[in-house]
file run-v3.pdb (PDB, C-alpha atoms, pLDDT in the B column)
ATOM      1  CA  MET N   1       1.900  -0.678 -21.822  1.00 50.00           C
ATOM      2  CA  PHE N   2       0.656  -3.265 -24.298  1.00 63.00           C
ATOM      3  CA  GLU N   3      -0.339  -1.810 -27.699  1.00 76.00           C
ATOM      4  CA  MET N   4      -3.280  -3.805 -29.047  1.00 79.00           C
ATOM      5  CA  PRO N   5      -3.339  -4.470 -32.803  1.00 86.00           C
ATOM      6  CA  HIS N   6      -6.062  -2.452 -34.526  1.00 86.00           C
ATOM      7  CA  VAL N   7      -7.687  -5.578 -35.971  1.00 91.00           C
ATOM      8  CA  LEU N   8      -8.042  -7.188 -32.548  1.00 93.00           C
ATOM      9  CA  GLN N   9      -9.446  -3.959 -31.105  1.00 93.00           C
ATOM     10  CA  THR N  10     -11.995  -3.777 -33.928  1.00 92.00           C
ATOM     11  CA  ILE N  11     -13.026  -7.387 -33.339  1.00 95.00           C
ATOM     12  CA  LEU N  12     -13.471  -6.761 -29.604  1.00 96.00           C
ATOM     13  CA  LEU N  13     -15.489  -3.596 -30.271  1.00 96.00           C
ATOM     14  CA  SER N  14     -17.739  -5.634 -32.582  1.00 97.00           C
ATOM     15  CA  VAL N  15     -18.643  -8.217 -29.933  1.00 98.00           C
ATOM     16  CA  PHE N  16     -21.541  -6.292 -28.405  1.00 98.00           C
ATOM     17  CA  PRO N  17     -23.162  -5.088 -31.644  1.00 98.00           C
ATOM     18  CA  ALA N  18     -22.895  -8.590 -33.117  1.00 98.00           C
ATOM     19  CA  LEU N  19     -24.469 -10.205 -30.047  1.00 98.00           C
ATOM     20  CA  ALA N  20     -27.228  -7.584 -29.891  1.00 98.00           C
ATOM     21  CA  LEU N  21     -28.012  -8.097 -33.578  1.00 98.00           C
ATOM     22  CA  PHE N  22     -28.063 -11.869 -33.109  1.00 97.00           C
ATOM     23  CA  ALA N  23     -30.489 -11.511 -30.174  1.00 97.00           C
ATOM     24  CA  ALA N  24     -32.718  -9.225 -32.266  1.00 96.00           C
ATOM     25  CA  LEU N  25     -32.821 -11.713 -35.142  1.00 95.00           C
ATOM     26  CA  HIS N  26     -33.490 -14.607 -32.772  1.00 95.00           C
ATOM     27  CA  ASP N  27     -36.362 -12.690 -31.191  1.00 93.00           C
ATOM     28  CA  PHE N  28     -37.817 -11.957 -34.654  1.00 88.00           C
ATOM     29  CA  GLY N  29     -37.646 -15.626 -35.559  1.00 90.00           C
ATOM     30  CA  HIS N  30     -38.834 -17.183 -32.298  1.00 90.00           C
ATOM     31  CA  TYR N  31     -40.377 -14.397 -30.157  1.00 88.00           C
ATOM     32  CA  ARG N  32     -38.001 -15.498 -27.458  1.00 91.00           C
ATOM     33  CA  ILE N  33     -34.595 -14.402 -26.191  1.00 93.00           C
ATOM     34  CA  PRO N  34     -32.743 -17.363 -24.670  1.00 94.00           C
ATOM     35  CA  ASN N  35     -31.297 -16.980 -21.192  1.00 95.00           C
ATOM     36  CA  MET N  36     -27.930 -18.226 -22.419  1.00 97.00           C
ATOM     37  CA  LEU N  37     -27.783 -15.500 -25.053  1.00 97.00           C
ATOM     38  CA  ASN N  38     -28.527 -12.834 -22.435  1.00 97.00           C
ATOM     39  CA  LEU N  39     -25.854 -14.350 -20.222  1.00 98.00           C
ATOM     40  CA  VAL N  40     -23.331 -14.216 -23.086  1.00 98.00           C
ATOM     41  CA  ILE N  41     -24.223 -10.564 -23.799  1.00 98.00           C
ATOM     42  CA  PHE N  42     -23.728  -9.733 -20.123  1.00 98.00           C
ATOM     43  CA  GLY N  43     -20.686 -11.930 -19.521  1.00 98.00           C
ATOM     44  CA  SER N  44     -18.759 -10.852 -22.602  1.00 98.00           C
ATOM     45  CA  PHE N  45     -18.647  -7.293 -21.255  1.00 98.00           C
ATOM     46  CA  PHE N  46     -16.054  -8.237 -18.627  1.00 98.00           C
ATOM     47  CA  PRO N  47     -13.276  -9.663 -20.824  1.00 98.00           C
ATOM     48  CA  VAL N  48     -13.842  -7.042 -23.545  1.00 97.00           C
ATOM     49  CA  ALA N  49     -13.674  -4.166 -21.039  1.00 97.00           C
ATOM     50  CA  LEU N  50     -10.565  -5.671 -19.440  1.00 96.00           C
ATOM     51  CA  LEU N  51      -8.778  -6.317 -22.732  1.00 95.00           C
ATOM     52  CA  LEU N  52      -9.575  -2.852 -24.090  1.00 95.00           C
ATOM     53  CA  GLY N  53      -8.339  -1.167 -20.910  1.00 94.00           C
ATOM     54  CA  MET N  54     -11.543   0.377 -19.609  1.00 96.00           C
ATOM     55  CA  PRO N  55     -10.711   2.604 -16.620  1.00 96.00           C
ATOM     56  CA  TRP N  56     -11.863   1.167 -13.274  1.00 97.00           C
ATOM     57  CA  GLU N  57     -14.113   4.114 -12.476  1.00 97.00           C
ATOM     58  CA  THR N  58     -15.877   3.751 -15.830  1.00 96.00           C
ATOM     59  CA  PHE N  59     -16.099  -0.010 -15.282  1.00 97.00           C
ATOM     60  CA  LEU N  60     -17.769   0.496 -11.906  1.00 97.00           C
ATOM     61  CA  TRP N  61     -20.276   2.992 -13.347  1.00 97.00           C
ATOM     62  CA  HIS N  62     -21.208   0.412 -15.973  1.00 97.00           C
ATOM     63  CA  LEU N  63     -21.941  -2.037 -13.156  1.00 97.00           C
ATOM     64  CA  VAL N  64     -23.985   0.573 -11.263  1.00 97.00           C
ATOM     65  CA  GLY N  65     -26.009   1.195 -14.417  1.00 96.00           C
ATOM     66  CA  PHE N  66     -26.566  -2.533 -14.847  1.00 97.00           C
ATOM     67  CA  ALA N  67     -27.725  -2.883 -11.244  1.00 97.00           C
ATOM     68  CA  ALA N  68     -30.154   0.040 -11.574  1.00 97.00           C
ATOM     69  CA  VAL N  69     -31.634  -1.247 -14.828  1.00 97.00           C
ATOM     70  CA  PHE N  70     -31.814  -4.821 -13.540  1.00 95.00           C
ATOM     71  CA  GLY N  71     -33.680  -3.678 -10.425  1.00 95.00           C
ATOM     72  CA  ALA N  72     -36.102  -1.595 -12.485  1.00 94.00           C
ATOM     73  CA  MET N  73     -36.701  -4.412 -14.980  1.00 92.00           C
ATOM     74  CA  PHE N  74     -37.282  -6.920 -12.191  1.00 89.00           C
ATOM     75  CA  ALA N  75     -39.904  -4.587 -10.706  1.00 90.00           C
ATOM     76  CA  VAL N  76     -41.578  -4.063 -14.093  1.00 87.00           C
ATOM     77  CA  TYR N  77     -41.602  -7.805 -14.790  1.00 83.00           C
ATOM     78  CA  MET N  78     -43.258  -8.459 -11.432  1.00 85.00           C
ATOM     79  CA  VAL N  79     -46.008  -5.876 -12.112  1.00 86.00           C
ATOM     80  CA  VAL N  80     -46.713  -6.166 -15.846  1.00 79.00           C
ATOM     81  CA  PRO N  81     -48.341  -9.371 -17.118  1.00 74.00           C
ATOM     82  CA  SER N  82     -45.864 -11.648 -18.898  1.00 67.00           C
ATOM     83  CA  SER N  83     -48.038 -11.568 -22.009  1.00 61.00           C
ATOM     84  CA  LYS N  84     -47.127  -7.874 -22.384  1.00 68.00           C
ATOM     85  CA  PHE N  85     -43.524  -7.819 -21.161  1.00 71.00           C
ATOM     86  CA  GLY N  86     -41.496 -10.994 -21.269  1.00 77.00           C
ATOM     87  CA  GLY N  87     -38.754 -12.074 -18.927  1.00 84.00           C
ATOM     88  CA  GLY N  88     -36.367 -12.338 -21.862  1.00 89.00           C
ATOM     89  CA  ASP N  89     -36.936  -8.674 -22.630  1.00 90.00           C
ATOM     90  CA  ALA N  90     -36.209  -7.706 -19.026  1.00 90.00           C
ATOM     91  CA  LYS N  91     -33.043  -9.785 -18.997  1.00 94.00           C
ATOM     92  CA  MET N  92     -31.887  -8.469 -22.369  1.00 97.00           C
ATOM     93  CA  ILE N  93     -32.386  -4.825 -21.347  1.00 97.00           C
ATOM     94  CA  SER N  94     -30.298  -5.532 -18.238  1.00 96.00           C
ATOM     95  CA  ALA N  95     -27.616  -7.425 -20.160  1.00 98.00           C
ATOM     96  CA  VAL N  96     -27.346  -4.618 -22.713  1.00 98.00           C
ATOM     97  CA  ALA N  97     -27.272  -1.958 -19.969  1.00 98.00           C
ATOM     98  CA  VAL N  98     -23.918  -3.191 -18.663  1.00 98.00           C
ATOM     99  CA  TRP N  99     -22.384  -2.143 -21.997  1.00 98.00           C
ATOM    100  CA  ILE N 100     -23.732   1.424 -21.702  1.00 97.00           C
ATOM    101  CA  ASP N 101     -22.167   4.247 -19.695  1.00 93.00           C
ATOM    102  CA  TRP N 102     -24.218   5.496 -16.760  1.00 94.00           C
ATOM    103  CA  ASN N 103     -24.555   8.899 -18.471  1.00 95.00           C
ATOM    104  CA  ASN N 104     -25.889   7.287 -21.652  1.00 96.00           C
ATOM    105  CA  LEU N 105     -28.528   5.061 -20.034  1.00 97.00           C
ATOM    106  CA  PRO N 106     -31.277   7.646 -20.717  1.00 97.00           C
ATOM    107  CA  ASP N 107     -30.259   7.623 -24.403  1.00 97.00           C
ATOM    108  CA  PHE N 108     -30.509   3.834 -24.381  1.00 98.00           C
ATOM    109  CA  ILE N 109     -33.950   3.795 -22.767  1.00 97.00           C
ATOM    110  CA  ILE N 110     -35.338   6.585 -24.976  1.00 98.00           C
ATOM    111  CA  MET N 111     -34.000   5.090 -28.210  1.00 98.00           C
ATOM    112  CA  THR N 112     -35.278   1.655 -27.205  1.00 97.00           C
ATOM    113  CA  ALA N 113     -38.739   3.145 -26.614  1.00 96.00           C
ATOM    114  CA  ILE N 114     -38.667   4.981 -29.965  1.00 98.00           C
ATOM    115  CA  ALA N 115     -37.504   1.866 -31.795  1.00 97.00           C
ATOM    116  CA  GLY N 116     -40.170  -0.163 -29.986  1.00 94.00           C
ATOM    117  CA  GLY N 117     -42.881   2.272 -31.048  1.00 94.00           C
ATOM    118  CA  ALA N 118     -41.702   2.193 -34.645  1.00 95.00           C
ATOM    119  CA  LEU N 119     -41.551  -1.592 -34.500  1.00 93.00           C
ATOM    120  CA  ALA N 120     -45.116  -1.753 -33.173  1.00 89.00           C
ATOM    121  CA  VAL N 121     -46.421   0.458 -35.975  1.00 90.00           C
ATOM    122  CA  VAL N 122     -44.594  -1.516 -38.669  1.00 88.00           C
ATOM    123  CA  MET N 123     -45.714  -4.880 -37.248  1.00 84.00           C
ATOM    124  CA  TRP N 124     -49.319  -3.699 -36.942  1.00 82.00           C
ATOM    125  CA  LEU N 125     -49.337  -2.357 -40.524  1.00 83.00           C
ATOM    126  CA  TRP N 126     -47.765  -5.547 -41.829  1.00 76.00           C
ATOM    127  CA  ARG N 127     -50.373  -7.668 -40.091  1.00 75.00           C
ATOM    128  CA  ALA N 128     -53.187  -5.337 -41.192  1.00 72.00           C
ATOM    129  CA  LEU N 129     -52.057  -5.641 -44.811  1.00 72.00           C
ATOM    130  CA  GLN N 130     -51.947  -9.427 -44.529  1.00 66.00           C
ATOM    131  CA  ILE N 131     -55.459  -9.535 -43.093  1.00 62.00           C
ATOM    132  CA  GLU N 132     -56.769  -7.027 -45.653  1.00 57.00           C
ATOM    133  CA  TYR N 133     -55.303  -9.120 -48.452  1.00 57.00           C
ATOM    134  CA  GLY N 134     -57.051 -12.189 -47.021  1.00 57.00           C
ATOM    135  CA  VAL N 135     -60.300 -10.250 -46.661  1.00 57.00           C
ATOM    136  CA  TRP N 136     -60.097  -9.008 -50.249  1.00 55.00           C
ATOM    137  CA  MET N 137     -59.201 -12.434 -51.663  1.00 59.00           C
ATOM    138  CA  ASN N 138     -61.925 -14.265 -49.709  1.00 59.00           C
ATOM    139  CA  GLY N 139     -64.685 -11.691 -50.169  1.00 56.00           C
ATOM    140  CA  ASP N 140     -65.077 -11.162 -46.405  1.00 56.00           C
ATOM    141  CA  THR N 141     -65.606  -7.436 -45.798  1.00 52.00           C
ATOM    142  CA  THR N 142     -65.278  -7.317 -42.007  1.00 52.00           C
ATOM    143  CA  LEU N 143     -62.228  -5.444 -40.825  1.00 54.00           C
ATOM    144  CA  ARG N 144     -62.804  -6.345 -37.186  1.00 54.00           C
ATOM    145  CA  LYS N 145     -59.971  -8.819 -37.603  1.00 56.00           C
ATOM    146  CA  VAL N 146     -57.557  -6.000 -38.329  1.00 53.00           C
ATOM    147  CA  MET N 147     -58.615  -3.809 -35.444  1.00 53.00           C
ATOM    148  CA  SER N 148     -58.859  -6.575 -32.851  1.00 56.00           C
ATOM    149  CA  TYR N 149     -55.600  -8.288 -33.684  1.00 58.00           C
ATOM    150  CA  GLN N 150     -53.030  -8.100 -30.898  1.00 65.00           C
ATOM    151  CA  ILE N 151     -49.527  -8.234 -32.258  1.00 70.00           C
ATOM    152  CA  LYS N 152     -46.621  -9.939 -30.606  1.00 79.00           C
ATOM    153  CA  LEU N 153     -43.608  -7.669 -30.687  1.00 84.00           C
ATOM    154  CA  PRO N 154     -40.085  -9.036 -30.961  1.00 90.00           C
ATOM    155  CA  TYR N 155     -38.934  -6.275 -28.606  1.00 91.00           C
ATOM    156  CA  GLY N 156     -35.398  -7.637 -28.641  1.00 95.00           C
ATOM    157  CA  ALA N 157     -34.973  -5.775 -31.938  1.00 96.00           C
ATOM    158  CA  ALA N 158     -35.856  -2.457 -30.274  1.00 97.00           C
ATOM    159  CA  ILE N 159     -33.563  -3.221 -27.332  1.00 97.00           C
ATOM    160  CA  ALA N 160     -30.726  -4.019 -29.733  1.00 98.00           C
ATOM    161  CA  ALA N 161     -31.311  -0.795 -31.694  1.00 98.00           C
ATOM    162  CA  GLY N 162     -31.329   1.313 -28.530  1.00 98.00           C
ATOM    163  CA  GLY N 163     -28.298  -0.502 -27.155  1.00 98.00           C
ATOM    164  CA  ILE N 164     -26.195  -0.169 -30.288  1.00 98.00           C
ATOM    165  CA  TYR N 165     -27.113   3.506 -30.553  1.00 97.00           C
ATOM    166  CA  ALA N 166     -26.123   4.230 -26.938  1.00 97.00           C
ATOM    167  CA  TYR N 167     -23.008   2.039 -27.263  1.00 97.00           C
ATOM    168  CA  THR N 168     -21.653   4.380 -29.925  1.00 94.00           C
ATOM    169  CA  LEU N 169     -22.131   7.346 -27.567  1.00 94.00           C
ATOM    170  CA  SER N 170     -20.412   5.820 -24.549  1.00 92.00           C
ATOM    171  CA  TRP N 171     -16.814   5.117 -23.501  1.00 93.00           C
ATOM    172  CA  TRP N 172     -16.393   2.723 -26.394  1.00 92.00           C
ATOM    173  CA  GLN N 173     -16.664   5.710 -28.748  1.00 88.00           C
ATOM    174  CA  THR N 174     -13.232   6.891 -27.640  1.00 86.00           C
ATOM    175  CA  LEU N 175     -11.824   3.648 -29.064  1.00 86.00           C
ATOM    176  CA  LEU N 176     -14.049   3.693 -32.143  1.00 73.00           C
ATOM    177  CA  ALA N 177     -12.898   7.204 -33.014  1.00 72.00           C
ATOM    178  CA  GLY N 178      -9.267   6.718 -32.444  1.00 62.00           C
TER     179      GLY N 178
END

call {"tool": "encode", "arguments": {"input": "run-v3.pdb", "output": "structure tokens"}}
result
Amino acid sequence: MFEMPHVLQTILLSVFPALALFAALHDFGHYRIPNMLNLVIFGSFFPVALLLGMPWETFLWHLVGFAAVFGAMFAVYMVVPSSKFGGGDAKMISAVAVWIDWNNLPDFIIMTAIAGGALAVVMWLWRALQIEYGVWMNGDTTLRKVMSYQIKLPYGAAIAAGGIYAYTLSWWQTLLAG
């Protein structure tokens, strides 16, 4: 059997975290996750899994997990208004899910939710401090602006955090450790 050089294996194992981080940063900068980026996250799974020798059974469970998450995200996107849950978020969660073992999908979803909650608190506090500074500097004492402000969340960052966390727990960990 072909023995892969350690450097090449490390590069291949870095593909997903690098793409997830790039998507998170893009979402922070533009509040949008491009379809092409989600397609690259999803599509890169196949050559990386093949080159790193993922067992077929594991490979198929990754696809089952993707299908389940994609179906759930499609349903959520159809029900929740797009102002609250964007199509890019639904596609990114699905694209990331293919990289996660079936058994670790709950870890991915839970960590994504925790990271999303933390992100919401930080974004709200940041915006509240900006408004308070403006209120203080301009002499306007109404804080209704702070309480009524609806923040836009770059949820791609939370998805990336949850995905990278679950990635380190899944099949890939056997290669990372050894």

call {"tool": "atom_distance", "arguments": {"input": "run-v3.pdb", "atom1": "CA of Met73 in chain N", "atom2": "CA of Ala95 in chain N"}}
result
10.9 Å

call {"tool": "atom_distance", "arguments": {"input": "run-v3.pdb", "atom1": "CA of Ala157 in chain N", "atom2": "CA of Leu169 in chain N"}}
result
18.9 Å

call {"tool": "closest_atom_pairs", "arguments": {"input": "run-v3.pdb", "of": "range 44-101 of chain N", "to": "range 10-13 of chain N", "cutoff": "9 Å", "atoms": "all atoms listed in the file", "output": "tab-separated table"}}
result
residue	atom	partner	partner_atom	distance
N:Val48	CA	N:Leu12	CA	6.1
N:Ala49	CA	N:Leu12	CA	9.0
N:Leu51	CA	N:Leu12	CA	8.3
N:Leu52	CA	N:Leu12	CA	7.8

call {"tool": "resolve_selection", "arguments": {"input": "run-v3.pdb", "expression": "the PyMOL selection byres ((chain N and resi 24) around 9)", "output": "VMD selection string"}}
result
chain N and resid 19 to 23 25 to 29 33 154 to 161

call {"tool": "atom_distance", "arguments": {"input": "run-v3.pdb", "atom1": "CA of Phe70 in chain N", "atom2": "CA of Ser94 in chain N"}}
result
5.0 Å

call {"tool": "resolve_selection", "arguments": {"input": "run-v3.pdb", "expression": "the PyMOL selection byres ((chain N and resi 97-100) around 6)", "output": "PyMOL selection string"}}
result
chain N and resi 62-63+66+94-96+101+167

call {"tool": "resolve_selection", "arguments": {"input": "run-v3.pdb", "expression": "the PyMOL selection byres ((chain N and resi 59) around 10)", "output": "PDB file with C-alpha atoms, in the coordinates of the input"}}
result
ATOM      1  CA  PHE N  45     -18.647  -7.293 -21.255  1.00 98.00           C
ATOM      2  CA  PHE N  46     -16.054  -8.237 -18.627  1.00 98.00           C
ATOM      3  CA  ALA N  49     -13.674  -4.166 -21.039  1.00 97.00           C
ATOM      4  CA  LEU N  50     -10.565  -5.671 -19.440  1.00 96.00           C
ATOM      5  CA  GLY N  53      -8.339  -1.167 -20.910  1.00 94.00           C
ATOM      6  CA  MET N  54     -11.543   0.377 -19.609  1.00 96.00           C
ATOM      7  CA  PRO N  55     -10.711   2.604 -16.620  1.00 96.00           C
ATOM      8  CA  TRP N  56     -11.863   1.167 -13.274  1.00 97.00           C
ATOM      9  CA  GLU N  57     -14.113   4.114 -12.476  1.00 97.00           C
ATOM     10  CA  THR N  58     -15.877   3.751 -15.830  1.00 96.00           C
ATOM     11  CA  LEU N  60     -17.769   0.496 -11.906  1.00 97.00           C
ATOM     12  CA  TRP N  61     -20.276   2.992 -13.347  1.00 97.00           C
ATOM     13  CA  HIS N  62     -21.208   0.412 -15.973  1.00 97.00           C
ATOM     14  CA  LEU N  63     -21.941  -2.037 -13.156  1.00 97.00           C
ATOM     15  CA  VAL N  64     -23.985   0.573 -11.263  1.00 97.00           C
ATOM     16  CA  VAL N  98     -23.918  -3.191 -18.663  1.00 98.00           C
ATOM     17  CA  TRP N  99     -22.384  -2.143 -21.997  1.00 98.00           C
ATOM     18  CA  ASP N 101     -22.167   4.247 -19.695  1.00 93.00           C
ATOM     19  CA  TRP N 102     -24.218   5.496 -16.760  1.00 94.00           C
ATOM     20  CA  TRP N 171     -16.814   5.117 -23.501  1.00 93.00           C
TER      21      TRP N 171
END

call {"tool": "closest_residue", "arguments": {"input": "run-v3.pdb", "among": "N:Ile93, N:Ala75, N:Leu37, N:Leu125", "to": "Ala113 in chain N", "atoms": "only C-alpha atoms"}}
result
N:Ile93

call {"tool": "closest_residue", "arguments": {"input": "run-v3.pdb", "among": "N:Ala166, N:Ala115, N:Val79, N:Ala120", "to": "Leu153 in chain N", "atoms": "only C-alpha atoms"}}
result
N:Ala120

call {"tool": "closest_residue", "arguments": {"input": "run-v3.pdb", "among": "N:Val15, N:Ile109, N:Met4, N:Val121", "to": "Trp172 in chain N", "atoms": "all atoms listed in the file"}}
result
N:Val15

call {"tool": "closest_residue", "arguments": {"input": "run-v3.pdb", "among": "N:Gly162, N:Pro17, N:Pro5, N:Pro47", "to": "Met111 in chain N", "atoms": "all atoms listed in the file"}}
result
N:Gly162

call {"tool": "residues_around", "arguments": {"input": "run-v3.pdb", "residues": "Gly87 in chain N", "least_positions_apart": "4", "cutoff": "10 Å", "atoms": "all atoms listed in the file", "output": "ChimeraX atom specification"}}
result
/N:32-35,73-74,76-78,82-83,91-93

call {"tool": "closest_residue", "arguments": {"input": "run-v3.pdb", "among": "N:Ala67, N:Ser14, N:Asn104, N:Gly88", "to": "Met36 in chain N", "atoms": "all atoms listed in the file"}}
result
N:Gly88
